[in-house]
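The data block below is final_22.csv; it holds CSV, C-alpha atoms.
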```csv
chain,number,residue,atom,x,y,z
Z,1,MET,CA,-98.9,47.2,16.9
Z,2,GLU,CA,-97.9,44.3,14.7
Z,3,GLU,CA,-95.9,46.5,12.4
Z,4,LYS,CA,-93.8,47.9,15.4
Z,5,LYS,CA,-93.0,44.4,16.6
Z,6,GLN,CA,-91.8,43.3,13.3
Z,7,GLU,CA,-89.5,46.3,13.1
Z,8,THR,CA,-87.9,45.7,16.4
Z,9,GLY,CA,-87.6,41.8,16.1
Z,10,THR,CA,-86.1,41.5,12.6
Z,11,PRO,CA,-82.3,42.1,12.2
Z,12,THR,CA,-81.2,44.9,10.0
Z,13,PRO,CA,-80.3,43.4,6.6
Z,14,GLY,CA,-76.5,43.9,5.6
Z,15,LYS,CA,-74.8,44.1,9.0
Z,16,PRO,CA,-73.4,40.5,9.1
Z,17,LYS,CA,-72.0,40.9,5.6
Z,18,LYS,CA,-70.2,44.1,6.6
Z,19,ASN,CA,-68.6,42.4,9.6
Z,20,LEU,CA,-67.3,39.5,7.5
Z,21,THR,CA,-65.7,41.8,5.0
Z,22,MET,CA,-63.9,43.6,7.8
Z,23,LEU,CA,-62.6,40.3,9.2
Z,24,ILE,CA,-61.2,39.2,5.9
Z,25,MET,CA,-59.4,42.6,5.4
Z,26,VAL,CA,-57.8,42.2,8.8
Z,27,LEU,CA,-56.6,38.7,8.1
Z,28,ALA,CA,-55.2,39.7,4.8
Z,29,LEU,CA,-53.3,42.5,6.4
Z,30,VAL,CA,-51.8,40.2,9.0
Z,31,LEU,CA,-50.8,37.7,6.3
Z,32,VAL,CA,-49.0,40.5,4.4
Z,33,VAL,CA,-47.1,41.5,7.5
Z,34,ILE,CA,-46.1,37.9,8.1
Z,35,ILE,CA,-44.8,37.5,4.6
Z,36,LEU,CA,-42.8,40.7,4.9
Z,37,VAL,CA,-41.2,39.6,8.1
Z,38,ILE,CA,-40.2,36.2,6.6
Z,39,ALA,CA,-38.7,37.9,3.6
Z,40,VAL,CA,-36.6,40.2,5.9
Z,41,ILE,CA,-35.3,37.2,7.9
Z,42,VAL,CA,-34.3,35.2,4.8
Z,43,SER,CA,-32.6,38.2,3.3
Z,44,SER,CA,-30.6,38.9,6.4
Z,45,GLY,CA,-29.7,35.1,6.7
Z,46,LYS,CA,-28.1,35.1,3.2
Z,47,ASP,CA,-25.9,38.0,4.2
Z,48,ASP,CA,-24.5,36.1,7.1
Z,49,VAL,CA,-23.4,33.0,5.1
Z,50,THR,CA,-19.6,32.9,4.6
Z,51,THR,CA,-17.5,30.8,2.3
Z,52,PRO,CA,-15.2,28.4,4.2
Z,53,THR,CA,-11.5,29.3,3.9
Z,54,GLY,CA,-9.9,27.5,1.0
Z,55,SER,CA,-13.1,26.3,-0.6
Z,56,SER,CA,-13.6,26.7,-4.3
Z,57,SER,CA,-16.1,25.7,-6.9
Z,58,THR,CA,-13.2,24.0,-8.7
Z,59,ASP,CA,-10.9,21.7,-6.7
Z,60,PRO,CA,-7.2,22.6,-6.9
Z,61,VAL,CA,-5.2,20.4,-9.3
Z,62,GLY,CA,-3.8,17.5,-7.5
Z,63,THR,CA,-6.3,17.1,-4.7
Z,64,THR,CA,-9.5,15.8,-6.3
Z,65,GLU,CA,-10.3,12.2,-5.9
Z,66,PRO,CA,-11.7,10.2,-8.8
Z,67,ALA,CA,-14.8,8.1,-8.1
Z,68,ASP,CA,-13.7,4.9,-6.6
Z,69,THR,CA,-14.8,1.7,-8.3
Z,70,SER,CA,-14.1,-1.9,-7.4
Z,71,GLU,CA,-13.7,-2.7,-11.1
Z,72,ALA,CA,-11.3,0.2,-11.5
Z,73,PRO,CA,-11.3,0.3,-15.3
Z,74,ALA,CA,-8.2,1.7,-16.9
Z,75,VAL,CA,-8.5,5.2,-18.3
Z,76,THR,CA,-6.1,7.5,-20.1
Z,77,SER,CA,-6.7,10.6,-18.1
Z,78,GLY,CA,-5.9,10.7,-14.4
Z,79,THR,CA,-6.4,12.9,-11.3
Z,80,ASP,CA,-3.5,13.8,-9.1
Z,81,GLU,CA,-3.0,13.4,-5.4
Z,82,SER,CA,-0.3,16.0,-5.1
Z,83,THR,CA,1.6,17.2,-2.1
Z,84,SER,CA,-1.1,19.8,-1.4
Z,85,GLY,CA,-3.5,18.8,1.4
Z,86,THR,CA,-3.6,15.0,1.0
Z,87,SER,CA,-1.4,13.9,3.9
Z,88,SER,CA,-2.6,14.7,7.4
Z,89,THR,CA,0.8,14.0,9.0
Z,90,PRO,CA,3.9,14.8,7.0
Z,91,VAL,CA,6.4,11.9,6.9
Z,92,ASP,CA,10.1,11.9,6.2
Z,93,PRO,CA,11.5,9.7,3.4
Z,94,VAL,CA,13.5,6.7,4.6
Z,95,ASP,CA,16.9,6.1,3.1
Z,96,PRO,CA,17.4,2.7,1.7
Z,97,GLU,CA,19.2,0.3,4.0
Z,98,ILE,CA,20.7,-3.2,3.6
Z,99,TYR,CA,18.3,-5.3,5.6
Z,100,GLU,CA,20.0,-8.6,4.8
Z,101,THR,CA,22.9,-9.6,7.0
Z,102,VAL,CA,26.3,-8.5,5.7
Z,103,SER,CA,29.0,-10.6,7.2
Z,104,LYS,CA,32.8,-10.1,7.4
Z,105,ALA,CA,35.3,-12.9,6.8
Z,106,ASP,CA,38.4,-13.4,9.0
Z,107,SER,CA,42.0,-13.2,7.7
Z,108,THR,CA,41.7,-16.7,6.2
Z,109,GLY,CA,39.0,-15.5,3.8
Z,110,LYS,CA,37.1,-18.8,4.2
Z,111,VAL,CA,33.5,-19.2,5.3
Z,112,THR,CA,31.7,-22.4,6.3
Z,113,VAL,CA,28.0,-22.7,5.9
Z,114,LYS,CA,25.5,-25.6,6.4
Z,115,SER,CA,24.9,-27.3,3.1
Z,116,SER,CA,21.2,-27.4,3.9
Z,117,ASP,CA,21.1,-23.6,4.0
Z,118,SER,CA,21.1,-23.8,0.2
Z,119,LYS,CA,17.4,-24.0,0.6
Z,120,THR,CA,17.0,-20.6,2.4
Z,121,GLY,CA,17.9,-17.0,1.9
Z,122,PRO,CA,16.4,-14.0,0.0
Z,123,LEU,CA,17.3,-15.5,-3.4
Z,124,ILE,CA,15.7,-18.9,-3.2
Z,125,LEU,CA,13.6,-19.9,-6.2
Z,126,VAL,CA,10.3,-21.6,-5.3
Z,127,ASN,CA,8.2,-23.3,-7.9
Z,128,ALA,CA,6.7,-26.7,-8.9
Z,129,THR,CA,10.2,-28.0,-9.7
Z,130,PHE,CA,11.9,-26.5,-6.6
Z,131,PRO,CA,9.4,-26.5,-3.7
Z,132,TYR,CA,10.0,-24.7,-0.5
Z,133,ASP,CA,10.9,-27.3,2.2
Z,134,TYR,CA,13.2,-25.4,4.5
Z,135,ASN,CA,11.9,-25.4,8.1
Z,136,THR,CA,8.3,-25.5,6.8
Z,137,GLY,CA,6.9,-26.8,10.1
Z,138,ALA,CA,7.6,-23.4,11.7
Z,139,MET,CA,4.5,-21.7,10.5
Z,140,PHE,CA,0.8,-22.5,10.9
Z,141,ALA,CA,1.6,-25.7,12.7
Z,142,GLY,CA,-1.6,-25.2,14.7
Z,143,GLY,CA,-3.7,-23.8,11.9
Z,144,ASP,CA,-4.2,-20.1,11.0
Z,145,ASP,CA,-4.3,-19.0,14.6
Z,146,ILE,CA,-0.6,-18.9,15.1
Z,147,SER,CA,0.4,-16.6,18.0
Z,148,LYS,CA,2.3,-13.4,17.5
Z,149,ALA,CA,5.2,-14.8,19.6
Z,150,ASP,CA,5.4,-18.0,17.6
Z,151,ALA,CA,5.3,-16.1,14.3
Z,152,GLU,CA,8.2,-13.8,15.4
Z,153,LYS,CA,10.1,-16.7,16.7
Z,154,ALA,CA,10.0,-18.2,13.2
Z,155,GLY,CA,11.2,-14.9,11.8
Z,156,PHE,CA,7.8,-13.8,10.5
Z,157,PHE,CA,5.8,-10.7,11.5
Z,158,ARG,CA,2.0,-10.3,11.2
Z,159,ILE,CA,1.4,-7.6,8.7
Z,160,ALA,CA,-1.7,-6.2,10.4
Z,161,ASP,CA,-0.1,-6.1,13.9
Z,162,ASN,CA,3.6,-5.6,14.4
Z,163,SER,CA,6.1,-3.1,15.8
Z,164,ILE,CA,7.5,-2.1,12.4
Z,165,LYS,CA,4.7,-0.7,10.3
Z,166,THR,CA,1.1,-2.1,10.1
Z,167,PHE,CA,-0.9,-2.4,6.9
Z,168,PRO,CA,-4.5,-3.3,6.3
Z,169,THR,CA,-5.0,-6.8,4.9
Z,170,LYS,CA,-7.9,-8.7,3.5
Z,171,GLY,CA,-9.2,-9.8,6.8
Z,172,TYR,CA,-7.0,-12.9,7.5
Z,173,ASP,CA,-3.6,-13.5,9.1
Z,174,SER,CA,-0.9,-12.5,6.7
Z,175,PHE,CA,2.8,-12.6,7.3
Z,176,LEU,CA,6.2,-11.5,6.0
Z,177,ARG,CA,9.7,-12.2,7.1
Z,178,GLU,CA,11.3,-9.4,9.2
Z,179,GLU,CA,13.7,-8.2,6.5
Z,180,ALA,CA,11.0,-8.0,3.9
Z,181,LEU,CA,8.5,-6.2,6.2
Z,182,LYS,CA,11.2,-3.7,7.3
Z,183,ALA,CA,12.2,-3.0,3.7
Z,184,PHE,CA,8.6,-2.5,2.5
Z,185,ALA,CA,7.8,-0.3,5.5
Z,186,ALA,CA,10.6,1.9,4.4
Z,187,LEU,CA,9.5,1.9,0.8
Z,188,ALA,CA,5.9,2.7,1.7
Z,189,THR,CA,6.9,5.5,4.1
Z,190,THR,CA,9.1,7.1,1.4
Z,191,PHE,CA,6.2,6.9,-1.0
Z,192,GLU,CA,4.0,8.7,1.4
Z,193,SER,CA,6.6,11.4,1.8
Z,194,VAL,CA,7.4,12.2,-1.8
Z,195,SER,CA,3.9,11.8,-3.1
Z,196,GLY,CA,2.1,13.6,-0.3
Z,197,THR,CA,-0.7,11.0,-0.2
Z,198,SER,CA,-1.9,9.2,2.9
Z,199,ARG,CA,-3.8,6.7,0.9
Z,200,GLU,CA,-3.6,3.2,2.5
Z,201,LEU,CA,-2.1,0.3,0.6
Z,202,LEU,CA,-3.6,-3.1,1.2
Z,203,VAL,CA,-0.8,-5.6,1.6
Z,204,ASN,CA,-0.9,-9.4,1.8
Z,205,GLY,CA,1.9,-11.9,2.2
Z,206,TYR,CA,2.1,-15.5,3.5
Z,207,THR,CA,-1.2,-16.9,4.8
Z,208,SER,CA,-2.5,-20.2,6.0
Z,209,SER,CA,-3.9,-20.9,2.5
Z,210,HIS,CA,-0.2,-21.3,1.3
Z,211,SER,CA,0.8,-23.6,4.1
Z,212,SER,CA,0.0,-26.8,2.2
Z,213,ALA,CA,1.2,-25.6,-1.2
Z,214,PHE,CA,5.0,-25.3,-0.8
Z,215,THR,CA,5.4,-24.7,-4.6
Z,216,ASN,CA,4.1,-21.1,-4.0
Z,217,GLU,CA,6.8,-18.5,-3.4
Z,218,TYR,CA,4.6,-16.7,-0.8
Z,219,CYS,CA,5.7,-19.5,1.6
Z,220,THR,CA,9.1,-17.9,1.8
Z,221,GLY,CA,7.6,-14.8,3.6
Z,222,LEU,CA,9.5,-12.7,1.0
Z,223,VAL,CA,6.6,-12.1,-1.4
Z,224,LEU,CA,3.8,-9.6,-1.0
Z,225,ASP,CA,1.0,-8.2,-3.2
Z,226,VAL,CA,-0.4,-4.7,-3.1
Z,227,ARG,CA,-3.7,-3.0,-4.0
Z,228,ILE,CA,-4.9,0.5,-3.4
Z,229,ARG,CA,-7.7,1.2,-1.0
Z,230,SER,CA,-10.4,3.7,-1.9
Z,231,ALA,CA,-10.8,6.9,0.1
Z,232,SER,CA,-13.7,5.4,2.0
Z,233,GLY,CA,-11.8,2.1,2.4
Z,234,ASP,CA,-14.9,0.2,1.1
Z,235,THR,CA,-13.4,-0.7,-2.3
Z,236,LEU,CA,-10.1,-1.7,-3.8
Z,237,LEU,CA,-8.5,-0.3,-6.9
Z,238,ASP,CA,-6.2,-2.3,-9.2
Z,239,PHE,CA,-2.5,-1.6,-8.5
Z,240,ASN,CA,-2.1,-0.3,-12.1
Z,241,TYR,CA,-5.2,1.9,-12.0
Z,242,GLU,CA,-4.3,4.8,-14.3
Z,243,ALA,CA,-6.8,7.3,-13.0
Z,244,LYS,CA,-5.0,7.3,-9.6
Z,245,THR,CA,-1.8,9.2,-9.9
Z,246,VAL,CA,0.6,11.3,-7.8
Z,247,ASN,CA,2.9,14.2,-8.6
Z,248,VAL,CA,6.6,13.5,-7.8
Z,249,ASP,CA,9.0,16.3,-8.6
Z,250,GLY,CA,6.6,17.7,-11.1
Z,251,LYS,CA,6.1,14.4,-12.9
Z,252,LYS,CA,2.7,12.6,-12.9
Z,253,MET,CA,3.1,8.9,-12.1
Z,254,THR,CA,0.8,6.1,-11.3
Z,255,TYR,CA,1.3,4.2,-8.1
Z,256,GLU,CA,2.6,1.2,-10.0
Z,257,GLU,CA,5.1,3.4,-12.0
Z,258,TRP,CA,6.5,4.9,-8.8
Z,259,PHE,CA,6.9,1.6,-6.9
Z,260,LYS,CA,8.4,-0.1,-9.9
Z,261,ALA,CA,11.0,2.6,-10.4
Z,262,ASN,CA,12.0,2.7,-6.7
Z,263,CYS,CA,11.4,-0.7,-5.2
Z,264,GLY,CA,14.9,-1.9,-6.2
Z,265,LYS,CA,16.5,0.7,-3.8
Z,266,TYR,CA,14.8,-1.1,-1.0
Z,267,GLY,CA,15.6,-4.7,-2.0
Z,268,PHE,CA,12.5,-5.6,-4.1
Z,269,ILE,CA,11.9,-6.7,-7.6
Z,270,TYR,CA,8.5,-6.0,-9.1
Z,271,GLU,CA,7.0,-9.1,-10.7
Z,272,GLY,CA,4.0,-7.3,-12.2
Z,273,ILE,CA,0.4,-8.2,-12.0
Z,274,PRO,CA,-0.2,-11.9,-12.7
Z,275,GLU,CA,-2.8,-12.7,-15.4
Z,276,GLY,CA,-6.3,-12.7,-14.0
Z,277,LYS,CA,-5.1,-10.9,-10.8
Z,278,ARG,CA,-5.4,-7.3,-9.7
Z,279,SER,CA,-2.6,-6.9,-7.2
Z,280,GLY,CA,1.0,-5.9,-7.9
Z,281,VAL,CA,3.5,-8.5,-6.7
Z,282,PHE,CA,6.8,-7.7,-5.1
Z,283,ARG,CA,9.6,-10.1,-4.2
Z,284,TYR,CA,12.3,-9.2,-1.7
Z,285,VAL,CA,15.8,-10.3,-2.8
Z,286,GLY,CA,17.9,-7.7,-0.8
Z,287,THR,CA,19.3,-4.4,-1.9
Z,288,ILE,CA,22.6,-5.9,-3.1
Z,289,ASN,CA,21.1,-8.3,-5.7
Z,290,ALA,CA,17.9,-6.3,-6.6
Z,291,ALA,CA,19.8,-4.1,-9.1
Z,292,GLY,CA,21.0,-7.2,-11.0
Z,293,VAL,CA,17.5,-8.7,-11.5
Z,294,THR,CA,16.6,-7.0,-14.8
Z,295,THR,CA,14.0,-9.6,-15.9
Z,296,THR,CA,13.2,-12.4,-13.6
Z,297,LEU,CA,14.8,-13.9,-10.5
Z,298,GLU,CA,15.2,-17.2,-12.3
Z,299,ALA,CA,17.1,-15.6,-15.1
Z,300,TYR,CA,19.4,-13.7,-12.6
Z,301,LEU,CA,20.2,-16.9,-10.7
Z,302,ALA,CA,21.0,-18.7,-14.0
Z,303,GLY,CA,23.2,-15.8,-15.1
Z,304,VAL,CA,25.3,-15.9,-11.9
Z,305,LYS,CA,25.6,-19.6,-12.1
Z,306,ASP,CA,26.9,-19.7,-15.7
Z,307,GLY,CA,29.1,-16.7,-15.1
Z,308,SER,CA,27.3,-14.3,-17.5
Z,309,ILE,CA,26.5,-12.0,-14.6
Z,310,LYS,CA,29.7,-11.4,-12.7
Z,311,SER,CA,29.0,-8.3,-10.6
Z,312,VAL,CA,26.2,-5.9,-9.5
Z,313,THR,CA,26.2,-2.3,-8.3
Z,314,ALA,CA,23.8,-1.9,-5.4
Z,315,ALA,CA,21.6,1.2,-4.9
Z,316,ASP,CA,24.1,2.8,-2.5
Z,317,GLY,CA,26.7,2.7,-5.2
Z,318,SER,CA,28.7,-0.2,-3.8
Z,319,LYS,CA,30.0,-2.9,-6.2
Z,320,TRP,CA,29.7,-6.6,-5.4
Z,321,ASN,CA,31.4,-9.4,-7.2
Z,322,LEU,CA,29.2,-12.4,-7.8
Z,323,SER,CA,29.9,-16.2,-7.9
Z,324,TYR,CA,28.1,-19.5,-7.6
Z,325,VAL,CA,29.1,-22.3,-5.3
Z,326,ALA,CA,27.4,-25.7,-5.4
Z,327,ALA,CA,26.3,-27.1,-2.0
Z,328,SER,CA,28.5,-30.0,-0.8
Z,329,SER,CA,27.1,-33.4,-0.2
Z,330,GLU,CA,28.7,-33.2,3.2
Z,331,GLU,CA,27.1,-31.4,6.2
Z,332,ASN,CA,29.0,-28.2,5.6
Z,333,THR,CA,30.1,-26.3,2.5
Z,334,GLU,CA,33.3,-24.2,2.5
Z,335,ILE,CA,33.2,-20.9,0.5
Z,336,THR,CA,36.2,-18.7,-0.2
Z,337,VAL,CA,35.3,-14.9,-0.1
Z,338,GLY,CA,38.7,-13.3,0.5
Z,339,ALA,CA,40.5,-12.1,3.6
Z,340,ASN,CA,38.5,-9.7,5.7
Z,341,ALA,CA,35.9,-9.4,2.9
Z,342,GLU,CA,32.3,-8.3,3.4
Z,343,TYR,CA,29.9,-10.7,1.9
Z,344,VAL,CA,26.3,-11.9,1.6
Z,345,ILE,CA,25.4,-15.5,0.9
Z,346,SER,CA,22.0,-16.8,-0.1
Z,347,GLY,CA,20.9,-20.3,-1.1
Z,348,ASP,CA,19.1,-20.6,-4.4
Z,349,ASN,CA,17.0,-23.6,-3.5
Z,350,MET,CA,18.4,-25.4,-6.5
Z,351,GLY,CA,21.4,-27.0,-4.9
Z,352,GLY,CA,23.8,-24.1,-4.5
Z,353,PHE,CA,24.7,-20.6,-3.1
Z,354,ILE,CA,24.9,-17.2,-4.7
Z,355,VAL,CA,27.8,-15.4,-3.2
Z,356,ALA,CA,28.2,-11.6,-3.3
Z,357,VAL,CA,31.5,-10.1,-2.1
Z,358,LYS,CA,32.0,-6.4,-1.7
Z,359,ALA,CA,34.7,-5.1,-4.1
Z,360,ALA,CA,37.5,-3.1,-2.7
Z,361,SER,CA,36.9,0.6,-2.9
```
This structure in structure tokens:
Amino acid sequence: MEEKKQETGTPTPGKPKKNLTMLIMVLALVLVVIILVIAVIVSSGKDDVTTPTGSSSTDPVGTTEPADTSEAPAVTSGTDESTSGTSSTPVDPVDPEIYETVSKADSTGKVTVKSSDSKTGPLILVNATFPYDYNTGAMFAGGDDISKADAEKAGFFRIADNSIKTFPTKGYDSFLREEALKAFAALATTFESVSGTSRELLVNGYTSSHSSAFTNEYCTGLVLDVRIRSASGDTLLDFNYEAKTVNVDGKKMTYEEWFKANCGKYGFIYEGIPEGKRSGVFRYVGTINAAGVTTTLEAYLAGVKDGSIKSVTAADGSKWNLSYVAASSEENTEITVGANAEYVISGDNMGGFIVAVKAAS
């Protein structure tokens, strides 16, 4: 009897082991199936990936951007921003215009100007010897929060907010006289057109920091400095940064080279990059006189005064005869320009006037 009970009450050895083996085999089979399904999905996903139109492992020549750096070290090889794909909105070049006022004499050929106007005009020289003191109370009388209306009343336009063309600035109010802003807007628009780049230029002019230092030519509102903004806008490149170039009529040029070659057509002289600075400095003198300034404004004024510079041919091909007239000690100064002649007169801030009279064609 005991033997029978032991037979029926004791599990048969080996059965649990057999069941465990079967379970492992089933799980392995399921795992293999899952791996196969994943492989099929991945394979089909690769087949659906398409290359975007126009993409390439190598960027087309003229469209790649060099890495921007605030230090912008000069290098010998550059990357072009060509006319291909760099400007979101095409712009038309702007023909140079004479933004200074060209007047016409009557039949007497005589013109009367205020003697005090020898201290104003696009050709005035401003330095420690000849400070700017013409109507200096017109700007920043109430600090650096001058209103737009007051600025325009004084003949100045806020660079970052005006009806002509706005430019980014360094975060503070910066102003230019209307004629200088109009001329630089035309120059910059033409650059955008011929170079195909929409890269922003950071432009600064007369600020409140200059209001108490009237020996600084920025006070005239005719001087501006320019740097190049990075693609992200976070950093600034030096104006003479050699790795930033554009293609113009098949010729590779740096920004500085292009502006230096063309600014005279729009009334500017390029004064270069001052020692220790990183911005290119432009001085507006008007389209008539710009062609005559081959070195410095001071040398040009001296040449007209001593008679060694007698005429100039403007960018539009017109010829102008030059002369110097000392300001009278009286309230007014009389200047002879010729009957019915077209003329431009500017003070030199040194006691006289530079007179340009259009030559008969």
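The spacing separating atom CA of Z:Trp258 from atom CA of Z:Ser195 amounts to 9.3 Å.
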For atom CA of Z:Arg227 and atom CA of Z:Tyr241, determine how far apart the two atoms are, in Å to one decimal place.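 Result for atom CA of Z:Arg227 versus atom CA of Z:Tyr241: 9.5 Å, one decimal.
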Which distance in Å separates atom CA of Z:Gly347 and atom CA of Z:Thr189, to one decimal? 29.8 Å
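Omitting Z:Val203 and its sequence neighbours fewer than 2 positions away, and counting only C-alpha atoms, the residues within 6 Å are Z:Thr169, Z:Asp225, Z:Val226.
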Write to file, as a PDB file, in the frame of the given file, the residues of the selection just made, with C-alpha atoms.
```pdb
ATOM      1  CA  THR Z 169      -5.000  -6.800   4.900  1.00  0.00           C
ATOM      2  CA  ASP Z 225       1.000  -8.200  -3.200  1.00  0.00           C
ATOM      3  CA  VAL Z 226      -0.400  -4.700  -3.100  1.00  0.00           C
TER       4      VAL Z 226
END
```
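Comparing Z:Ala180, Z:Ala356, Z:Val246, Z:Ala327 by their smallest distance to Z:Lys114, the closest is Z:Ala327 (using all atoms listed in the file).
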For Z:Gly338, please output as a list in words all residues within 9 Å (counting all atoms listed in the file; exclusion window: fewer than 6 positions along the same chain).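 With the cut-off at 9 Å, the set is Ala105, Asp106, Ser107, Thr108, Gly109, Lys110 and Val357 of chain Z.
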Pull C-alpha atoms from the residues just selected and write them as a tab-separated table (two decimals), keeping the file's coordinate frame.
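Okay, again_26.tsv is ready:
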```tsv
chain	number	residue	atom	x	y	z
Z	105	ALA	CA	35.30	-12.90	6.80
Z	106	ASP	CA	38.40	-13.40	9.00
Z	107	SER	CA	42.00	-13.20	7.70
Z	108	THR	CA	41.70	-16.70	6.20
Z	109	GLY	CA	39.00	-15.50	3.80
Z	110	LYS	CA	37.10	-18.80	4.20
Z	357	VAL	CA	31.50	-10.10	-2.10
```
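Using all atoms listed in the file, the contacts of Z:Ser308 at a cut-off of 12 Å, with sequence neighbours closer than 6 positions omitted, comprise Gly292, Ala299, Tyr300, Leu301, Ala302, Leu322, Ser323 and Tyr324 of chain Z.
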Excluding same-chain residues fewer than 2 positions from stretch 268-274 of chain Z, what lies within 10 Å of it counting only C-alpha atoms, as a ChimeraX atom specification? /Z:180,183-184,187,222-223,225-226,238-240,256,259-266,276-287,289-297
Surrounding residues of Z:Ala128 excluding itself and chain neighbours under 6 positions, 9 Å, only C-alpha atoms, as a list in words: Phe214, Thr215 and Asn216 of chain Z
Out of Z:Val102, Z:Val113, Z:Leu23, Z:Val194, which residue has the shortest atom-to-atom distance to Z:Asn247 when counting all atoms listed in the file? Z:Val194
Which residue is closest to Z:His210? Choose from Z:Asn321, Z:Ser174, Z:Ser346, Z:Ser361 and count all atoms listed in the file.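 Of Z:Asn321, Z:Ser174, Z:Ser346, Z:Ser361, the one nearest Z:His210 is Z:Ser174, counting all atoms listed in the file.
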